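Asker: Mind looking over this structure? Questions follow.
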Amino acid sequence: MNQTTRNTQQETNMDMDLDNTARQGRPRPDELVPSRYALKIGEIDVLVISDGVLTLPGAMLAHNADPAVRAAWLKDMFLPPDAFDWALNVVVVRSGSQTILVDAGLGSDPDLHLPRAGQLSKRLEAAGIDLASVTDVVLTHMHMDHIGGLLVDEVRERLRPDLRIHVAAAEVKFWEAPDFSHVSMPPGFPDALRATAKRFAKEYHNQLRTFEDEHEVAPGVVVTRTGGHTPGHSVVRLTSGGDRLTFAGDAVFTVGFDHPDWYNGFEHDPEEAARVRVRLLRELAANEELLVATHMPFPSIGRVAVDGDHFRWVPAFWDY
């Protein structure tokens with residue numbers, strides 16, 4: 001069996017598991033390649049899907065760093081000095097009879113001029129995933145690039161009425177009167193974040209299923225509050241058959257391996273976020289488990305190694 005055949009077969013199996021229609025997903029005409037990657041964690045099916053990318057100022061990576069040191073890191077990574085493309089990854093998980101969407105992408109906010117993001121709806125469709133088959137949504141937090149996809153009209157109309165949306169109680173509480181005093185965001189973002197979170201809480205109030213510190217969403221699928229990035233920020237941990245994977249949401253960024261103490265501009269409590277990041281990276285390295293994170297380059301699958309006082313990202317080899 002050649003590599004292309006193996007990759008097609010793997011994605012077809014995932015499509016069949018995640019969608020009762022069992023129809024194989026095909027890339028849309030405007031997709032150069034399918035923006036999805038399938039793997040298994042024991043008996044749990046996982047599909048990483050790209051919601052696209054958004055371009056942000058380079059200073060967003062580390063507003064507490066010396067600009068020259070930050071510029072040197074960007075240069076070493078062959079990235080432009082003034083702006084970078086931030087990946088947006090979500091995960092679809094199938095455990096037992098439940099189909100779980102972890103985060104929901106950006107949706108659409110024309111005022112922010114982010115045309116390459118908000119691709120989740122069409123990419124779920126291209127992967128053959130019927131929104132009506134999603135039984136649960138887990139939100140790592142309520143920033144608009146994690147909830148906006150559920151506010152798109154055509155998406156909401158297709159969701160099942162008994163959909164359960166799991167989110168930390170502390171996160172819902174935070175967005176009632178959010179504190180932006182420690183962030184460093186581009187203009188327009190704070191207002192957009194407030195408005196999107198407020199609208200989301202209002203429209204999905206009846207579907208919200210809040211938890212305090214930890215909750216098992218499905219067999220082997222546990223969401224755990226970490227705080228830091230936002231008070232209710234959470235990670236999702238998958239465990240099955242001796243395999244482990246953590247979806248870290250916004251606890252980890254690409255620059256965070258070399259400089260875990262650098263503050264990202266979207267962190268509402270940057271000092272605590274740095275502590276959370278170090279603890280999580282050390283734990284992932286000790287467990288040798290797979291890591292996926294929202295803003296790591298797609299498909300964002302790899303492992304963590306300790307490198308002195310820092311860390312090293314070890315991308316997984318793609319299984320074509």
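Every chain in the structure tokens has a letter given in the order shown (A, B, ...), and although residue numbers restart at 1 in each chain, ligands are simply numbered from 1 in the order shown.
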Check stretch 175-312 of chain A with DSSP on the backbone and list each residue it calls strand (DSSP E or B), as a VMD selection string.
Answerer: chain A and resid 208 to 211 214 to 218 221 to 225 234 to 240 243 to 247 290 to 292 302 to 307 310 to 312
Asker: Find the residues around A:Leu79 up to 12 Å (only C-alpha atoms counted), leave out those fewer than 5 positions away in its own chain, and share them as a list in words.
Answerer: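 Within the cut-off, the hits are Pro57, Gly58, Arg70, Ala71, Ala72, Trp73, Leu74, Phe84, Asp85, Trp86 and Val255 of chain A.
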Asker: Can you write just those residues out, C-alpha atoms, as a tab-separated table (two decimals), in the first residue's frame?
Answerer:
```tsv
chain	number	residue	atom	x	y	z
A	57	PRO	CA	1.94	41.85	15.26
A	58	GLY	CA	5.24	40.24	16.25
A	70	ARG	CA	12.33	38.98	20.39
A	71	ALA	CA	13.45	40.10	16.93
A	72	ALA	CA	16.41	37.71	17.10
A	73	TRP	CA	14.09	34.80	17.94
A	74	LEU	CA	11.83	35.64	15.02
A	84	PHE	CA	3.44	36.45	12.03
A	85	ASP	CA	0.71	34.00	11.06
A	86	TRP	CA	-0.99	32.44	14.06
A	255	VAL	CA	7.74	30.61	21.38
```
Asker: Choose the residue, out of A:Pro81, A:Gly220, A:Gly118, A:Gly128, that has the smallest atom-to-atom separation from A:Ile147; count only C-alpha atoms.
Answerer: A:Gly118
Asker: Which residue out of A:Val134, A:Ala177, A:Val91, A:Leu61 has the minimum interatomic distance to A:Ala293 when only C-alpha atoms are used?
Answerer: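 The answer is A:Val91, which sits nearest to A:Ala293.
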Asker: Would you mind telling me which residue in A:Val183, A:Val152, A:Val167, A:Ala316 lies nearest to A:Ala201 when using only C-alpha atoms?
Answerer: A:Val167
Asker: As a PyMOL selection string, which residues of stretch 46-121 of chain A does DSSP assign to helix (DSSP H, G or I)?
Answerer: chain A and resi 58-61+67-76+110-112+120-121
Asker: Could you write out the selected residues, including all heavy atoms, as a CSV table (one decimal), in the first residue's frame?
Answerer:
```
chain,number,residue,atom,x,y,z
A,58,GLY,N,4.2,41.0,15.6
A,58,GLY,CA,5.2,40.2,16.3
A,58,GLY,C,5.4,40.5,17.7
A,58,GLY,O,5.7,39.6,18.5
A,59,ALA,N,5.1,41.7,18.2
A,59,ALA,CA,5.2,42.0,19.6
A,59,ALA,C,4.2,41.2,20.5
A,59,ALA,O,4.4,41.1,21.7
A,59,ALA,CB,4.9,43.5,19.8
A,60,MET,N,3.1,40.7,19.8
A,60,MET,CA,2.1,39.9,20.5
A,60,MET,C,2.8,38.7,21.2
A,60,MET,O,2.3,38.1,22.2
A,60,MET,CB,1.0,39.5,19.6
A,60,MET,CG,0.0,40.5,19.3
A,60,MET,SD,-1.1,40.7,20.6
A,60,MET,CE,-1.7,39.0,20.8
A,61,LEU,N,3.9,38.2,20.6
A,61,LEU,CA,4.5,37.0,21.1
A,61,LEU,C,5.1,37.1,22.5
A,61,LEU,O,5.2,36.2,23.2
A,61,LEU,CB,5.6,36.5,20.1
A,61,LEU,CG,5.1,35.8,18.8
A,61,LEU,CD1,6.3,35.6,17.9
A,61,LEU,CD2,4.5,34.5,19.1
A,67,PRO,N,12.8,43.9,22.9
A,67,PRO,CA,12.5,43.9,21.5
A,67,PRO,C,13.6,43.3,20.6
A,67,PRO,O,13.3,42.6,19.6
A,67,PRO,CB,12.2,45.3,21.1
A,67,PRO,CG,11.8,46.0,22.4
A,67,PRO,CD,12.6,45.3,23.5
A,68,ALA,N,14.9,43.5,21.0
A,68,ALA,CA,16.0,43.0,20.2
A,68,ALA,C,16.0,41.5,20.3
A,68,ALA,O,16.3,40.7,19.3
A,68,ALA,CB,17.3,43.6,20.6
A,69,VAL,N,15.8,41.0,21.5
A,69,VAL,CA,15.8,39.5,21.8
A,69,VAL,C,14.7,38.9,21.0
A,69,VAL,O,14.8,37.8,20.4
A,69,VAL,CB,15.8,39.2,23.3
A,69,VAL,CG1,15.7,37.7,23.5
A,69,VAL,CG2,17.0,39.8,24.0
A,70,ARG,N,13.5,39.5,21.1
A,70,ARG,CA,12.3,39.0,20.4
A,70,ARG,C,12.6,39.0,18.9
A,70,ARG,O,12.3,38.0,18.2
A,70,ARG,CB,11.1,39.8,20.7
A,70,ARG,CG,9.8,39.3,20.1
A,70,ARG,CD,8.6,40.1,20.5
A,70,ARG,NE,8.8,41.5,20.1
A,70,ARG,CZ,8.6,42.6,20.9
A,70,ARG,NH1,8.4,42.4,22.2
A,70,ARG,NH2,8.7,43.8,20.4
A,71,ALA,N,13.2,40.0,18.4
A,71,ALA,CA,13.5,40.1,16.9
A,71,ALA,C,14.5,39.0,16.5
A,71,ALA,O,14.3,38.4,15.4
A,71,ALA,CB,14.0,41.5,16.6
A,72,ALA,N,15.4,38.7,17.4
A,72,ALA,CA,16.4,37.7,17.1
A,72,ALA,C,15.8,36.3,17.0
A,72,ALA,O,16.1,35.5,16.2
A,72,ALA,CB,17.5,37.7,18.2
A,73,TRP,N,14.8,36.1,18.0
A,73,TRP,CA,14.1,34.8,17.9
A,73,TRP,C,13.3,34.6,16.6
A,73,TRP,O,13.3,33.6,16.0
A,73,TRP,CB,13.2,34.7,19.2
A,73,TRP,CG,12.5,33.3,19.2
A,73,TRP,CD1,13.0,32.2,19.8
A,73,TRP,CD2,11.2,33.0,18.7
A,73,TRP,NE1,12.1,31.2,19.7
A,73,TRP,CE2,11.0,31.6,19.0
A,73,TRP,CE3,10.3,33.6,17.9
A,73,TRP,CZ2,9.9,30.9,18.6
A,73,TRP,CZ3,9.1,32.9,17.5
A,73,TRP,CH2,8.9,31.6,17.9
A,74,LEU,N,12.6,35.7,16.3
A,74,LEU,CA,11.8,35.6,15.0
A,74,LEU,C,12.7,35.4,13.8
A,74,LEU,O,12.4,34.6,12.9
A,74,LEU,CB,11.1,36.9,14.8
A,74,LEU,CG,9.9,37.1,15.8
A,74,LEU,CD1,9.4,38.6,15.8
A,74,LEU,CD2,8.7,36.2,15.4
A,75,LYS,N,13.9,36.0,13.8
A,75,LYS,CA,14.8,35.8,12.7
A,75,LYS,C,15.4,34.4,12.7
A,75,LYS,O,15.4,33.8,11.6
A,75,LYS,CB,16.0,36.8,12.8
A,75,LYS,CG,17.0,36.7,11.7
A,75,LYS,CD,18.1,37.7,11.8
A,75,LYS,CE,19.1,37.6,10.7
A,75,LYS,NZ,20.2,38.6,10.8
A,76,ASP,N,15.7,33.9,13.9
A,76,ASP,CA,16.2,32.5,14.0
A,76,ASP,C,15.1,31.5,13.5
A,76,ASP,O,15.4,30.4,13.0
A,76,ASP,CB,16.5,32.1,15.4
A,76,ASP,CG,17.8,32.8,15.9
A,76,ASP,OD1,18.6,33.3,15.0
A,76,ASP,OD2,18.1,32.9,17.1
A,110,PRO,N,-15.9,40.8,10.5
A,110,PRO,CA,-15.4,41.6,9.4
A,110,PRO,C,-14.7,42.8,9.8
A,110,PRO,O,-13.8,43.4,9.1
A,110,PRO,CB,-16.6,41.9,8.5
A,110,PRO,CG,-17.8,41.7,9.4
A,110,PRO,CD,-17.4,40.6,10.4
A,111,ASP,N,-15.0,43.3,11.0
A,111,ASP,CA,-14.3,44.6,11.5
A,111,ASP,C,-12.9,44.4,11.8
A,111,ASP,O,-12.1,45.3,11.9
A,111,ASP,CB,-15.0,45.1,12.8
A,111,ASP,CG,-16.5,45.5,12.5
A,111,ASP,OD1,-16.7,45.9,11.3
A,111,ASP,OD2,-17.3,45.5,13.4
A,112,LEU,N,-12.5,43.1,12.1
A,112,LEU,CA,-11.1,42.8,12.4
A,112,LEU,C,-10.2,42.5,11.2
A,112,LEU,O,-9.0,42.3,11.3
A,112,LEU,CB,-11.0,41.7,13.4
A,112,LEU,CG,-11.5,42.0,14.8
A,112,LEU,CD1,-11.5,40.8,15.7
A,112,LEU,CD2,-10.8,43.2,15.4
A,120,LEU,N,-13.7,27.0,9.8
A,120,LEU,CA,-14.1,25.7,10.4
A,120,LEU,C,-15.3,25.1,9.7
A,120,LEU,O,-15.3,23.9,9.4
A,120,LEU,CB,-14.4,25.9,11.9
A,120,LEU,CG,-14.8,24.6,12.6
A,120,LEU,CD1,-13.6,23.5,12.6
A,120,LEU,CD2,-15.1,24.9,14.1
A,121,SER,N,-16.3,25.8,9.5
A,121,SER,CA,-17.6,25.3,8.9
A,121,SER,C,-17.3,24.5,7.6
A,121,SER,O,-17.7,23.4,7.5
A,121,SER,CB,-18.6,26.4,8.7
A,121,SER,OG,-19.8,25.9,8.1
```
Asker: Using only C-alpha atoms, can you tell me which of A:Ala126, A:Leu245, A:Ala168, A:Val217 comes closest to A:Lys40?
Answerer: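 For A:Lys40, the nearest of the candidates is A:Leu245.
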Asker: Residues at most 9 Å from A:Gly249, counting only C-alpha atoms, excluding those fewer than 2 positions away in the same chain, as an MDAnalysis selection string?
Answerer: chainID A and resid 89:90 103 139:141 146 233:236 247 251:252 292:295
